[in-house]
Structure formats: structure tokens, C-alpha cells
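J.: Enclosed is the structure file protein.pdb (PDB, C-alpha atoms).
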ATOM      1  CA  MET J   1     -23.496  -7.677  -3.672
ATOM      2  CA  THR J   2     -20.211  -7.006  -1.907
ATOM      3  CA  PHE J   3     -17.644  -4.629  -3.312
ATOM      4  CA  ILE J   4     -13.977  -4.979  -2.348
ATOM      5  CA  THR J   5     -11.529  -2.341  -3.443
ATOM      6  CA  GLY J   6      -8.047  -0.964  -2.725
ATOM      7  CA  GLY J   7      -4.783  -0.547  -4.608
ATOM      8  CA  ALA J   8      -2.949  -3.321  -6.439
ATOM      9  CA  TYR J   9      -1.540  -6.176  -4.293
ATOM     10  CA  GLN J  10      -3.164  -5.058  -1.038
ATOM     11  CA  GLY J  11      -4.596  -8.500  -0.230
ATOM     12  CA  LYS J  12      -8.092  -8.053  -1.729
ATOM     13  CA  THR J  13      -8.473 -11.558  -3.178
ATOM     14  CA  GLU J  14      -7.064 -13.212  -0.069
ATOM     15  CA  PHE J  15      -9.513 -11.215   2.034
ATOM     16  CA  ALA J  16     -12.419 -12.358  -0.177
ATOM     17  CA  ILE J  17     -11.398 -16.026   0.050
ATOM     18  CA  ASN J  18     -11.081 -15.808   3.844
ATOM     19  CA  ASN J  19     -14.391 -14.042   4.382
ATOM     20  CA  PHE J  20     -16.756 -15.563   1.829
ATOM     21  CA  GLU J  21     -17.698 -19.096   0.969
ATOM     22  CA  PHE J  22     -15.927 -19.809  -2.249
ATOM     23  CA  PHE J  23     -12.607 -21.197  -3.394
ATOM     24  CA  GLU J  24      -9.915 -19.494  -5.406
ATOM     25  CA  ARG J  25     -10.875 -21.539  -8.506
ATOM     26  CA  GLU J  26     -14.408 -20.178  -8.340
ATOM     27  CA  ILE J  27     -13.188 -16.638  -8.863
ATOM     28  CA  ALA J  28     -13.511 -15.284 -12.397
ATOM     29  CA  ASP J  29     -11.267 -12.594 -13.833
ATOM     30  CA  GLY J  30     -12.963  -9.479 -15.194
ATOM     31  CA  SER J  31     -11.599 -10.392 -18.628
ATOM     32  CA  ALA J  32     -13.560 -13.701 -18.702
ATOM     33  CA  GLU J  33     -16.522 -14.385 -21.064
ATOM     34  CA  ILE J  34     -19.737 -12.643 -20.058
ATOM     35  CA  GLU J  35     -21.510 -16.007 -19.433
ATOM     36  CA  ILE J  36     -18.917 -16.808 -16.788
ATOM     37  CA  LEU J  37     -19.277 -13.385 -15.157
ATOM     38  CA  LEU J  38     -23.079 -13.745 -15.000
ATOM     39  CA  SER J  39     -22.785 -16.834 -12.791
ATOM     40  CA  ALA J  40     -19.458 -16.294 -10.978
ATOM     41  CA  LYS J  41     -19.464 -16.142  -7.188
ATOM     42  CA  CYS J  42     -16.671 -13.641  -7.301
ATOM     43  CA  ILE J  43     -15.154 -11.485 -10.023
ATOM     44  CA  ARG J  44     -11.689 -10.071  -9.513
ATOM     45  CA  ASN J  45      -9.822  -7.484 -11.584
ATOM     46  CA  PHE J  46     -13.221  -6.075 -12.444
ATOM     47  CA  GLU J  47     -11.420  -3.110 -14.020
ATOM     48  CA  ASN J  48     -10.523  -5.497 -16.888
ATOM     49  CA  PHE J  49     -14.236  -5.854 -17.644
ATOM     50  CA  VAL J  50     -14.659  -2.078 -17.481
ATOM     51  CA  TYR J  51     -11.692  -1.516 -19.807
ATOM     52  CA  ALA J  52     -12.890  -4.064 -22.379
ATOM     53  CA  VAL J  53     -16.422  -2.636 -22.441
ATOM     54  CA  THR J  54     -15.091   0.917 -22.718
ATOM     55  CA  GLU J  55     -12.725  -0.070 -25.551
ATOM     56  CA  SER J  56     -15.680  -1.512 -27.464
ATOM     57  CA  GLY J  57     -17.392   1.873 -27.217
ATOM     58  CA  ARG J  58     -20.129   0.822 -24.773
ATOM     59  CA  ASN J  59     -21.003   2.255 -21.370
ATOM     60  CA  ALA J  60     -19.284   0.335 -18.570
ATOM     61  CA  VAL J  61     -21.727   1.387 -15.848
ATOM     62  CA  THR J  62     -24.697   0.027 -17.814
ATOM     63  CA  ALA J  63     -22.816  -3.163 -18.687
ATOM     64  CA  ALA J  64     -21.858  -3.704 -15.027
ATOM     65  CA  GLU J  65     -25.468  -3.106 -13.943
ATOM     66  CA  ALA J  66     -26.516  -5.853 -16.352
ATOM     67  CA  ILE J  67     -24.194  -8.289 -14.558
ATOM     68  CA  LEU J  68     -25.599  -7.301 -11.163
ATOM     69  CA  SER J  69     -29.204  -7.749 -12.266
ATOM     70  CA  GLN J  70     -28.469 -11.404 -13.181
ATOM     71  CA  ASN J  71     -25.861 -12.067 -10.502
ATOM     72  CA  PRO J  72     -27.027 -10.022  -7.507
ATOM     73  CA  ASP J  73     -24.979 -11.865  -4.835
ATOM     74  CA  VAL J  74     -21.622 -11.619  -6.577
ATOM     75  CA  VAL J  75     -18.516 -10.384  -4.742
ATOM     76  CA  ILE J  76     -16.774  -7.850  -6.956
ATOM     77  CA  ILE J  77     -13.099  -6.978  -6.516
ATOM     78  CA  MET J  78     -11.843  -3.948  -8.374
ATOM     79  CA  ASN J  79      -8.527  -2.119  -8.082
ATOM     80  CA  GLU J  80      -8.518   1.490  -7.090
ATOM     81  CA  VAL J  81      -7.022   3.000 -10.223
ATOM     82  CA  GLY J  82      -7.627   6.740 -10.041
ATOM     83  CA  GLY J  83      -4.751   7.633  -7.733
ATOM     84  CA  GLY J  84      -2.007   8.551 -10.147
ATOM     85  CA  ILE J  85      -1.380  11.182 -12.788
ATOM     86  CA  ILE J  86      -4.062  11.636 -15.445
ATOM     87  CA  PRO J  87      -2.762   9.592 -18.401
ATOM     88  CA  LEU J  88      -1.679  11.448 -21.545
ATOM     89  CA  GLU J  89      -3.388   8.907 -23.813
ATOM     90  CA  ARG J  90      -7.083   9.695 -24.397
ATOM     91  CA  SER J  91      -8.114   6.016 -24.478
ATOM     92  CA  GLU J  92      -6.341   5.433 -21.131
ATOM     93  CA  ARG J  93      -8.143   8.427 -19.628
ATOM     94  CA  LYS J  94     -11.508   7.107 -20.803
ATOM     95  CA  LYS J  95     -10.899   3.658 -19.301
ATOM     96  CA  ARG J  96      -9.751   5.097 -16.003
ATOM     97  CA  GLU J  97     -12.745   7.439 -15.824
ATOM     98  CA  ALA J  98     -15.056   4.516 -16.581
ATOM     99  CA  ALA J  99     -13.468   2.563 -13.713
ATOM    100  CA  GLY J 100     -14.161   5.457 -11.332
ATOM    101  CA  GLN J 101     -17.772   5.805 -12.482
ATOM    102  CA  THR J 102     -18.346   2.057 -12.279
ATOM    103  CA  GLY J 103     -16.803   1.966  -8.812
ATOM    104  CA  CYS J 104     -19.208   4.677  -7.606
ATOM    105  CA  MET J 105     -22.176   2.701  -8.962
ATOM    106  CA  LEU J 106     -20.899  -0.529  -7.369
ATOM    107  CA  ALA J 107     -20.396   1.185  -4.003
ATOM    108  CA  GLU J 108     -23.887   2.650  -4.186
ATOM    109  CA  LYS J 109     -25.536  -0.692  -4.985
ATOM    110  CA  ALA J 110     -23.399  -2.828  -2.668
ATOM    111  CA  GLU J 111     -24.674  -3.839   0.765
ATOM    112  CA  THR J 112     -21.060  -3.913   1.925
ATOM    113  CA  VAL J 113     -17.992  -2.043   0.721
ATOM    114  CA  VAL J 114     -14.525  -2.951   2.017
ATOM    115  CA  ARG J 115     -11.257  -1.214   1.198
ATOM    116  CA  LEU J 116      -7.889  -2.860   1.824
ATOM    117  CA  VAL J 117      -4.666  -1.019   2.618
ATOM    118  CA  CYS J 118      -1.570  -3.103   3.445
ATOM    119  CA  GLY J 119      -3.804  -6.164   3.773
ATOM    120  CA  ILE J 120      -5.927  -4.424   6.424
ATOM    121  CA  PRO J 121      -9.653  -4.160   5.690
ATOM    122  CA  THR J 122     -11.667  -1.038   6.458
ATOM    123  CA  VAL J 123     -15.430  -1.416   6.107
ATOM    124  CA  LEU J 124     -16.603   1.709   4.294
ATOM    125  CA  LYS J 125     -20.245   0.697   4.082
ATOM    126  CA  GLY J 126     -22.494  -1.915   5.700
ATOM    127  CA  LYS J 127     -21.268  -4.807   7.847
ATOM    128  CA  LEU J 128     -19.147  -7.858   7.225
TER     129      LEU J 128
ATOM    130  CA  MET W   1       6.697  -1.650  19.464
ATOM    131  CA  PHE W   2       6.595  -1.477  15.668
ATOM    132  CA  VAL W   3       4.642   1.331  13.997
ATOM    133  CA  LEU W   4       4.108   1.331  10.222
ATOM    134  CA  ILE W   5       3.107   4.581   8.526
ATOM    135  CA  THR W   6       1.755   4.465   4.989
ATOM    136  CA  GLY W   7      -0.038   6.845   2.657
ATOM    137  CA  GLY W   8       0.449   8.706  -0.608
ATOM    138  CA  CYS W   9       3.251  11.052  -1.590
ATOM    139  CA  LYS W  10       3.673  14.238   0.523
ATOM    140  CA  ASN W  11       0.812  13.327   2.872
ATOM    141  CA  GLY W  12       2.696  14.073   6.093
ATOM    142  CA  LYS W  13       4.008  10.556   6.785
ATOM    143  CA  SER W  14       7.444  11.754   7.988
ATOM    144  CA  ARG W  15       6.026  14.349  10.364
ATOM    145  CA  ILE W  16       3.727  11.781  11.963
ATOM    146  CA  ALA W  17       6.586   9.272  12.220
ATOM    147  CA  GLU W  18       8.948  11.798  13.804
ATOM    148  CA  LYS W  19       6.287  12.942  16.223
ATOM    149  CA  ILE W  20       5.730   9.362  17.420
ATOM    150  CA  LEU W  21       9.435   8.720  17.917
ATOM    151  CA  THR W  22      10.060  12.083  19.603
ATOM    152  CA  ALA W  23       7.105  11.663  21.958
ATOM    153  CA  TYR W  24       8.047   8.084  22.875
ATOM    154  CA  ASP W  25       9.249   8.761  26.367
ATOM    155  CA  VAL W  26      11.997   6.439  27.515
ATOM    156  CA  PRO W  27      14.827   8.195  29.439
ATOM    157  CA  ASN W  28      18.123   8.301  27.526
ATOM    158  CA  MET W  29      16.784   6.280  24.601
ATOM    159  CA  PRO W  30      19.152   6.874  21.665
ATOM    160  CA  ARG W  31      17.235   7.862  18.533
ATOM    161  CA  PHE W  32      18.391   6.855  15.073
ATOM    162  CA  TYR W  33      17.197   7.852  11.661
ATOM    163  CA  VAL W  34      17.860   5.226   9.004
ATOM    164  CA  ALA W  35      17.846   6.984   5.638
ATOM    165  CA  THR W  36      17.483   4.639   2.657
ATOM    166  CA  MET W  37      17.353   7.167  -0.179
ATOM    167  CA  GLU W  38      20.387   7.175  -2.430
ATOM    168  CA  PRO W  39      21.197  10.832  -3.083
ATOM    169  CA  PHE W  40      20.879  10.703  -6.877
ATOM    170  CA  GLY W  41      20.255  14.107  -8.467
ATOM    171  CA  SER W  42      18.886  17.426  -7.264
ATOM    172  CA  GLU W  43      15.379  16.264  -6.276
ATOM    173  CA  ALA W  44      16.774  13.634  -3.920
ATOM    174  CA  ALA W  45      19.125  16.264  -2.486
ATOM    175  CA  GLU W  46      16.145  18.595  -1.925
ATOM    176  CA  ALA W  47      14.097  15.853  -0.234
ATOM    177  CA  ILE W  48      17.051  14.946   1.994
ATOM    178  CA  ALA W  49      17.602  18.616   2.945
ATOM    179  CA  ARG W  50      13.894  19.041   3.750
ATOM    180  CA  HIS W  51      13.793  15.956   5.951
ATOM    181  CA  ARG W  52      17.034  17.004   7.722
ATOM    182  CA  LYS W  53      15.442  20.353   8.550
ATOM    183  CA  ILE W  54      12.384  18.643  10.053
ATOM    184  CA  ARG W  55      14.697  16.519  12.233
ATOM    185  CA  GLU W  56      16.869  19.457  13.371
ATOM    186  CA  GLY W  57      17.238  19.720  17.133
ATOM    187  CA  LYS W  58      15.490  16.390  17.731
ATOM    188  CA  ASN W  59      18.715  14.503  18.531
ATOM    189  CA  PHE W  60      18.524  11.888  15.832
ATOM    190  CA  THR W  61      21.715  10.195  14.694
ATOM    191  CA  THR W  62      21.440   9.615  10.958
ATOM    192  CA  ILE W  63      22.541   6.302   9.459
ATOM    193  CA  GLU W  64      22.561   6.095   5.677
ATOM    194  CA  LYS W  65      21.959   2.561   4.446
ATOM    195  CA  TYR W  66      20.559   1.915   0.983
ATOM    196  CA  THR W  67      20.436  -1.893   0.990
ATOM    197  CA  ASP W  68      21.132  -4.742   3.464
ATOM    198  CA  ILE W  69      19.677  -3.025   6.517
ATOM    199  CA  SER W  70      20.303  -6.154   8.607
ATOM    200  CA  GLU W  71      23.992  -5.090   8.674
ATOM    201  CA  ILE W  72      23.169  -2.002  10.780
ATOM    202  CA  LYS W  73      24.467  -2.255  14.339
ATOM    203  CA  LEU W  74      22.550  -0.367  17.029
ATOM    204  CA  PRO W  75      22.703  -0.164  20.810
ATOM    205  CA  GLN W  76      19.989  -2.120  22.635
ATOM    206  CA  ASP W  77      16.686  -0.340  23.332
ATOM    207  CA  SER W  78      17.092   2.293  20.639
ATOM    208  CA  GLY W  79      14.376   4.291  18.984
ATOM    209  CA  VAL W  80      14.540   3.992  15.190
ATOM    210  CA  LEU W  81      12.814   5.749  12.345
ATOM    211  CA  LEU W  82      13.399   4.101   8.972
ATOM    212  CA  GLU W  83      12.549   6.134   5.909
ATOM    213  CA  CYS W  84      11.497   4.814   3.617
ATOM    214  CA  ILE W  85      10.540   1.287   2.649
ATOM    215  CA  CYS W  86       9.803   2.362  -0.941
ATOM    216  CA  ASN W  87      13.404   3.498  -1.514
ATOM    217  CA  LEU W  88      14.787   0.444   0.234
ATOM    218  CA  CYS W  89      12.662  -1.851  -1.949
ATOM    219  CA  ALA W  90      13.705  -0.016  -5.134
ATOM    220  CA  ASN W  91      17.392  -0.143  -4.121
ATOM    221  CA  GLU W  92      17.234  -3.868  -3.364
ATOM    222  CA  MET W  93      15.485  -4.554  -6.701
ATOM    223  CA  PHE W  94      17.346  -2.234  -9.033
ATOM    224  CA  SER W  95      20.761  -1.598  -7.403
ATOM    225  CA  ALA W  96      21.250  -4.974  -5.723
ATOM    226  CA  ASN W  97      19.331  -6.941  -8.416
ATOM    227  CA  GLU W  98      17.162  -8.727  -5.893
ATOM    228  CA  LYS W  99      14.059  -9.759  -7.895
ATOM    229  CA  SER W 100      11.984 -10.775  -4.861
ATOM    230  CA  PRO W 101      13.330  -8.592  -2.067
ATOM    231  CA  VAL W 102      10.484  -9.152   0.418
ATOM    232  CA  PRO W 103      12.095 -11.926   2.567
ATOM    233  CA  LYS W 104      15.429 -10.064   2.710
ATOM    234  CA  ILE W 105      13.816  -6.768   3.749
ATOM    235  CA  ILE W 106      11.579  -8.471   6.322
ATOM    236  CA  ARG W 107      14.628 -10.229   7.825
ATOM    237  CA  GLY W 108      16.386  -6.843   7.995
ATOM    238  CA  ILE W 109      13.418  -5.211   9.720
ATOM    239  CA  GLU W 110      13.141  -8.094  12.204
ATOM    240  CA  THR W 111      16.862  -7.755  12.983
ATOM    241  CA  LEU W 112      16.496  -4.027  13.660
ATOM    242  CA  ILE W 113      13.350  -4.521  15.742
ATOM    243  CA  ASN W 114      15.413  -6.721  18.085
ATOM    244  CA  TYR W 115      17.548  -3.686  18.997
ATOM    245  CA  THR W 116      14.691  -1.308  19.502
ATOM    246  CA  GLU W 117      12.289  -0.091  22.109
ATOM    247  CA  ILE W 118      10.322   1.539  19.315
ATOM    248  CA  PHE W 119      10.690   1.089  15.563
ATOM    249  CA  VAL W 120       8.813   3.361  13.172
ATOM    250  CA  ALA W 121       8.903   2.640   9.434
ATOM    251  CA  VAL W 122       7.568   4.882   6.703
ATOM    252  CA  THR W 123       6.314   3.234   3.522
ATOM    253  CA  ASN W 124       4.247   4.390   0.562
ATOM    254  CA  GLN W 125       1.164   3.346  -1.391
ATOM    255  CA  VAL W 126       2.203   2.897  -5.021
ATOM    256  CA  GLY W 127      -0.513   0.655  -6.487
ATOM    257  CA  SER W 128      -3.556   2.925  -6.796
ATOM    258  CA  ASP W 129      -2.921   3.946 -10.341
ATOM    259  CA  GLY W 130      -4.642   2.779 -13.522
ATOM    260  CA  VAL W 131      -1.721   3.199 -15.887
ATOM    261  CA  LYS W 132       0.276   0.165 -16.976
ATOM    262  CA  TYR W 133       3.974   0.862 -16.555
ATOM    263  CA  SER W 134       7.058  -0.981 -17.814
ATOM    264  CA  PRO W 135       7.442  -4.604 -16.606
ATOM    265  CA  GLU W 136      10.152  -3.481 -14.135
ATOM    266  CA  THR W 137       7.838  -0.898 -12.602
ATOM    267  CA  MET W 138       4.905  -3.339 -12.469
ATOM    268  CA  ALA W 139       7.201  -5.811 -10.676
ATOM    269  CA  TYR W 140       8.128  -3.059  -8.206
ATOM    270  CA  ILE W 141       4.450  -2.227  -7.556
ATOM    271  CA  LYS W 142       3.816  -5.914  -6.862
ATOM    272  CA  GLN W 143       6.774  -6.292  -4.489
ATOM    273  CA  MET W 144       5.803  -3.092  -2.649
ATOM    274  CA  GLY W 145       2.256  -4.401  -2.194
ATOM    275  CA  LEU W 146       3.445  -7.774  -0.867
ATOM    276  CA  LEU W 147       6.004  -6.078   1.368
ATOM    277  CA  ASN W 148       3.480  -3.645   2.842
ATOM    278  CA  ASN W 149       1.022  -6.459   3.573
ATOM    279  CA  ARG W 150       3.733  -8.426   5.366
ATOM    280  CA  LEU W 151       4.939  -5.363   7.309
ATOM    281  CA  ALA W 152       1.387  -4.538   8.389
ATOM    282  CA  GLU W 153       1.058  -8.104   9.716
ATOM    283  CA  LEU W 154       4.215  -7.651  11.813
ATOM    284  CA  ALA W 155       3.324  -4.142  12.992
ATOM    285  CA  ASP W 156       1.611  -3.375  16.300
ATOM    286  CA  VAL W 157       0.214  -0.144  14.890
ATOM    287  CA  VAL W 158      -0.533   0.793  11.260
ATOM    288  CA  ILE W 159      -1.409   4.366  10.352
ATOM    289  CA  GLU W 160      -2.377   5.777   6.959
ATOM    290  CA  ALA W 161      -1.528   9.463   6.568
ATOM    291  CA  VAL W 162      -4.221  11.273   4.582
ATOM    292  CA  PHE W 163      -3.200  14.892   3.947
ATOM    293  CA  GLY W 164      -1.485  14.972   7.324
ATOM    294  CA  ILE W 165      -4.371  13.307   9.192
ATOM    295  CA  PRO W 166      -3.400  10.020  10.852
ATOM    296  CA  VAL W 167      -6.026   7.354  10.057
ATOM    297  CA  LEU W 168      -5.671   4.308  12.281
ATOM    298  CA  LEU W 169      -5.756   0.968  10.431
ATOM    299  CA  LYS W 170      -4.465  -1.341  13.174
ATOM    300  CA  GLY W 171      -3.734  -1.214  16.915
ATOM    301  CA  ASP W 172      -4.044   1.858  19.138
ATOM    302  CA  LEU W 173      -3.337   5.397  18.006
ATOM    303  CA  PRO W 174      -0.249   6.711  19.886
ATOM    304  CA  LYS W 175      -1.294   9.318  22.483
ATOM    305  CA  CYS W 176       0.768  12.080  20.847
ATOM    306  CA  LEU W 177      -1.558  11.894  17.804
ATOM    307  CA  CYS W 178      -4.856  11.922  19.682
TER     308      CYS W 178
END
Please lay out the structure from this file as C-alpha cells.
T.:
Amino acid sequence: MTFITGGAYQGKTEFAINNFEFFEREIADGSAEIEILLSAKCIRNFENFVYAVTESGRNAVTAAEAILSQNPDVVIIMNEVGGGIIPLERSERKKREAAGQTGCMLAEKAETVVRLVCGIPTVLKGKL
Amino acid sequence: MFVLITGGCKNGKSRIAEKILTAYDVPNMPRFYVATMEPFGSEAAEAIARHRKIREGKNFTTIEKYTDISEIKLPQDSGVLLECICNLCANEMFSANEKSPVPKIIRGIETLINYTEIFVAVTNQVGSDGVKYSPETMAYIKQMGLLNNRLAELADVVIEAVFGIPVLLKGDLPKCLC
């Protein structure tokens, strides 16, 4: 599994398309049905999956691990979302915390972790 | 030479930028500071005063330009520090009503680069936040992301300031920072 992260609009999806063998139409959004996520070559906006799972009261880390066990070669793209002010709303805090925890798990399990800033990739773990 | 400095708020971007421009050693190179922040309210006034103090004695001529930076006229082979892209982008979007300001700002930067020996631009990372803001703010975050990606493509050197530490993302780290 490859994990690509970075802030919003930093060129993450473009980087994935240019460096892996899939087309834009083969990329699923994190908000897609679970069946789609289990077979997708790439999942972007993975934070949407984390938010939906968290809203339903389940553990996002466990749910994400379930995807990885069935789809071990997936490329996961998730926004870095912990950089701002802690949200006032409790539900927003929970979702943001879940994204951080899920990101740590993904980075730990990934062979390669890449972070994009201004469209420039930095390999944080492994090799491209 | 075009150097782009990015990073979060109050991470030492200006100091790094000023150091690069001050250390860039071309005899008699005129140095200009292009300030894009509209002085609205006391916090802007404080920020402006703080940045002026940092620049004291460094022989910068300050040019205040909040939108349409391509209109700035400079002598050839100048040294320019533009601060900052995030204010410029906000001014173009919300004062000048430019919904997609990226091409206009890029044209402005390219125009200024033509006058310069060295051009240093300070920008900001604004999209690493999980909270959904108003549609206007989300549009701004998107335009800032697209703009930064485009600027980084044009730049010879890209540096991310992390708590004052320059982290090199592209090109060679200027000697004054080594």
C-alpha cells in the first residue's frame, strides 16, 4: 500500500496518476460504497471515509484496516487535516482526531509514504 | 533566480526571505519590498510595523501594491521580495472580484521576474485544516493551492519554513542558509 498525503490542492491526485498505473476514472472517492473501496486501485479523499465511519459511531482505524486486508495494493490519498485550530464542535473534533489516528496507521502499514507541498513530493518513508 | 518560501503562519518565512535577498551579492543591486497587505485594522498595522522593523537598515524600498502587481515598474536587475502571495490572492479574489486569480497573479509574477536578478516570494500553506469553512473561504483555499503549485513549478528554489528551519523542497539551498 502507498499512502499519499499533504494539504488540500497540493497536487496529490495528479502525483498519483503520474506515478502509478491507473487512470483518473479508476480512482474512487472515500465517500464511495464499501464494495468499490475494497477493489479500487486508488482511493482519494480518504478522510471522507474516515468521517462517515466516525459519524456512524464505529472506529475508523479498524474500518480502514479492513479495507487494507482485502485491498493490500491500494494507493490511498488523504488530506492532512490536523493543521488548524481545534474545532469547537465535538463531532468535528472526533472526525479530525480519527483522521489523524487513521493517518498514523496508514503510514505505519504503507511501504511508501509521500507528502506533497506546492505540488512537490517528499518521500517520508520507503522508495518510489 | 526565483525563490519561493512557504510554510505555516509565524514560521519564520519573512526572516528567511530577507536573509536570502540581503545575502544575494550583486554590487549596487536595488532591493525592493513589495507589500501586498492592505492595512485594514490594528492587527494588520502590527504585522506591518513588525515587518518594517525586521527590514530596518537593510536598504529596501517599499512598494505597496495590493492587486495588479504587473503594473509595478522596476529598474532592470533588481532584487525583489514580495510578501505575501496569500494577501495578494485574497485581495484579487475579494477586493478585485477575480474568481480565478491564478493566471493573473502568475502573469504579474512573470512580469516582475523579468526585471529582477533575484525574486523572492513568500506564500503560505492554508489547506491543512479539517474544518469546512464558508464557500468563499473554501474557494480561496483551492485557489491558493493551485497558485502555490504553479509558483513552485516556476521557481528555481522552493523552501518550506518549519519553525524557522528552512526545509529544501526544490533546487539548491542558498549558501546563506547552509
J.: Nearest residue to chain J out of W:Pro103, W:Leu4, W:Glu92, W:Leu81, using all atoms listed in the file?
T.: W:Leu4
J.: Can you work out which one of W:Thr111, W:Asn149, W:Ser95, W:Ser42 has the shortest atom-to-atom distance to chain J, counting only C-alpha atoms?
T.: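 Ranked by minimum distance to chain J, first place goes to W:Asn149.
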J.: Please write the residues picked by the ChimeraX specification (/W :<7) & /J on this file as a ChimeraX atom specification.
T.: /J:7-10,80-84,87,96,118-120
J.: Report, as JSON, the axis-aligned box around all atoms of stretch 101-117 of chain W present in the file, extended by 5 Å on each side; give centre and edge lengths in Å to one decimal place.
T.:
{"center_x": 14.0, "center_y": -6.0, "center_z": 10.0, "size_x": 17.1, "size_y": 21.8, "size_z": 34.2}
J.: Written as a ChimeraX atom specification, which residues does the PyMOL selection byres ((chain J and resi 70) around 12) give for the file shown?
T.: /J:1,34-41,63-69,71-74
J.: Could you save the residues just selected, with C-alpha atoms, as a short mmCIF file (atom, residue, chain, number, x, y, z; two decimals), in the frame of the given file?
T.:
data_model
loop_
_atom_site.label_atom_id
_atom_site.label_comp_id
_atom_site.auth_asym_id
_atom_site.auth_seq_id
_atom_site.Cartn_x
_atom_site.Cartn_y
_atom_site.Cartn_z
CA MET J 1 -23.50 -7.68 -3.67
CA ILE J 34 -19.74 -12.64 -20.06
CA GLU J 35 -21.51 -16.01 -19.43
CA ILE J 36 -18.92 -16.81 -16.79
CA LEU J 37 -19.28 -13.38 -15.16
CA LEU J 38 -23.08 -13.74 -15.00
CA SER J 39 -22.78 -16.83 -12.79
CA ALA J 40 -19.46 -16.29 -10.98
CA LYS J 41 -19.46 -16.14 -7.19
CA ALA J 63 -22.82 -3.16 -18.69
CA ALA J 64 -21.86 -3.70 -15.03
CA GLU J 65 -25.47 -3.11 -13.94
CA ALA J 66 -26.52 -5.85 -16.35
CA ILE J 67 -24.19 -8.29 -14.56
CA LEU J 68 -25.60 -7.30 -11.16
CA SER J 69 -29.20 -7.75 -12.27
CA ASN J 71 -25.86 -12.07 -10.50
CA PRO J 72 -27.03 -10.02 -7.51
CA ASP J 73 -24.98 -11.86 -4.84
CA VAL J 74 -21.62 -11.62 -6.58
#
J.: Which value, in Å to one decimal, gives the distance between atom CA of W:Thr137 and atom CA of W:Ala90?
T.: 9.5 Å
J.: Between atom CA of W:Phe2 and atom CA of W:Val157, measure the distance and give it in Å to one decimal.
T.: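 So the two atoms, atom CA of W:Phe2 and atom CA of W:Val157, lie 6.6 Å apart.
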J.: Between atom CA of J:Gly103 and atom CA of W:Pro166, what distance in Å does the model show, to one decimal?
T.: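 Going from atom CA of J:Gly103 over to atom CA of W:Pro166 covers 25.1 Å.
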J.: Any idea what's packed within 10 Å of W:Thr36, counting all atoms listed in the file, ignoring anything in its chain fewer than 6 positions away? Could you give it as JSON, numbers by chain?
T.: {"W": [63, 64, 65, 66, 67, 69, 82, 83, 84, 85, 86, 87, 88, 89, 90, 91]}
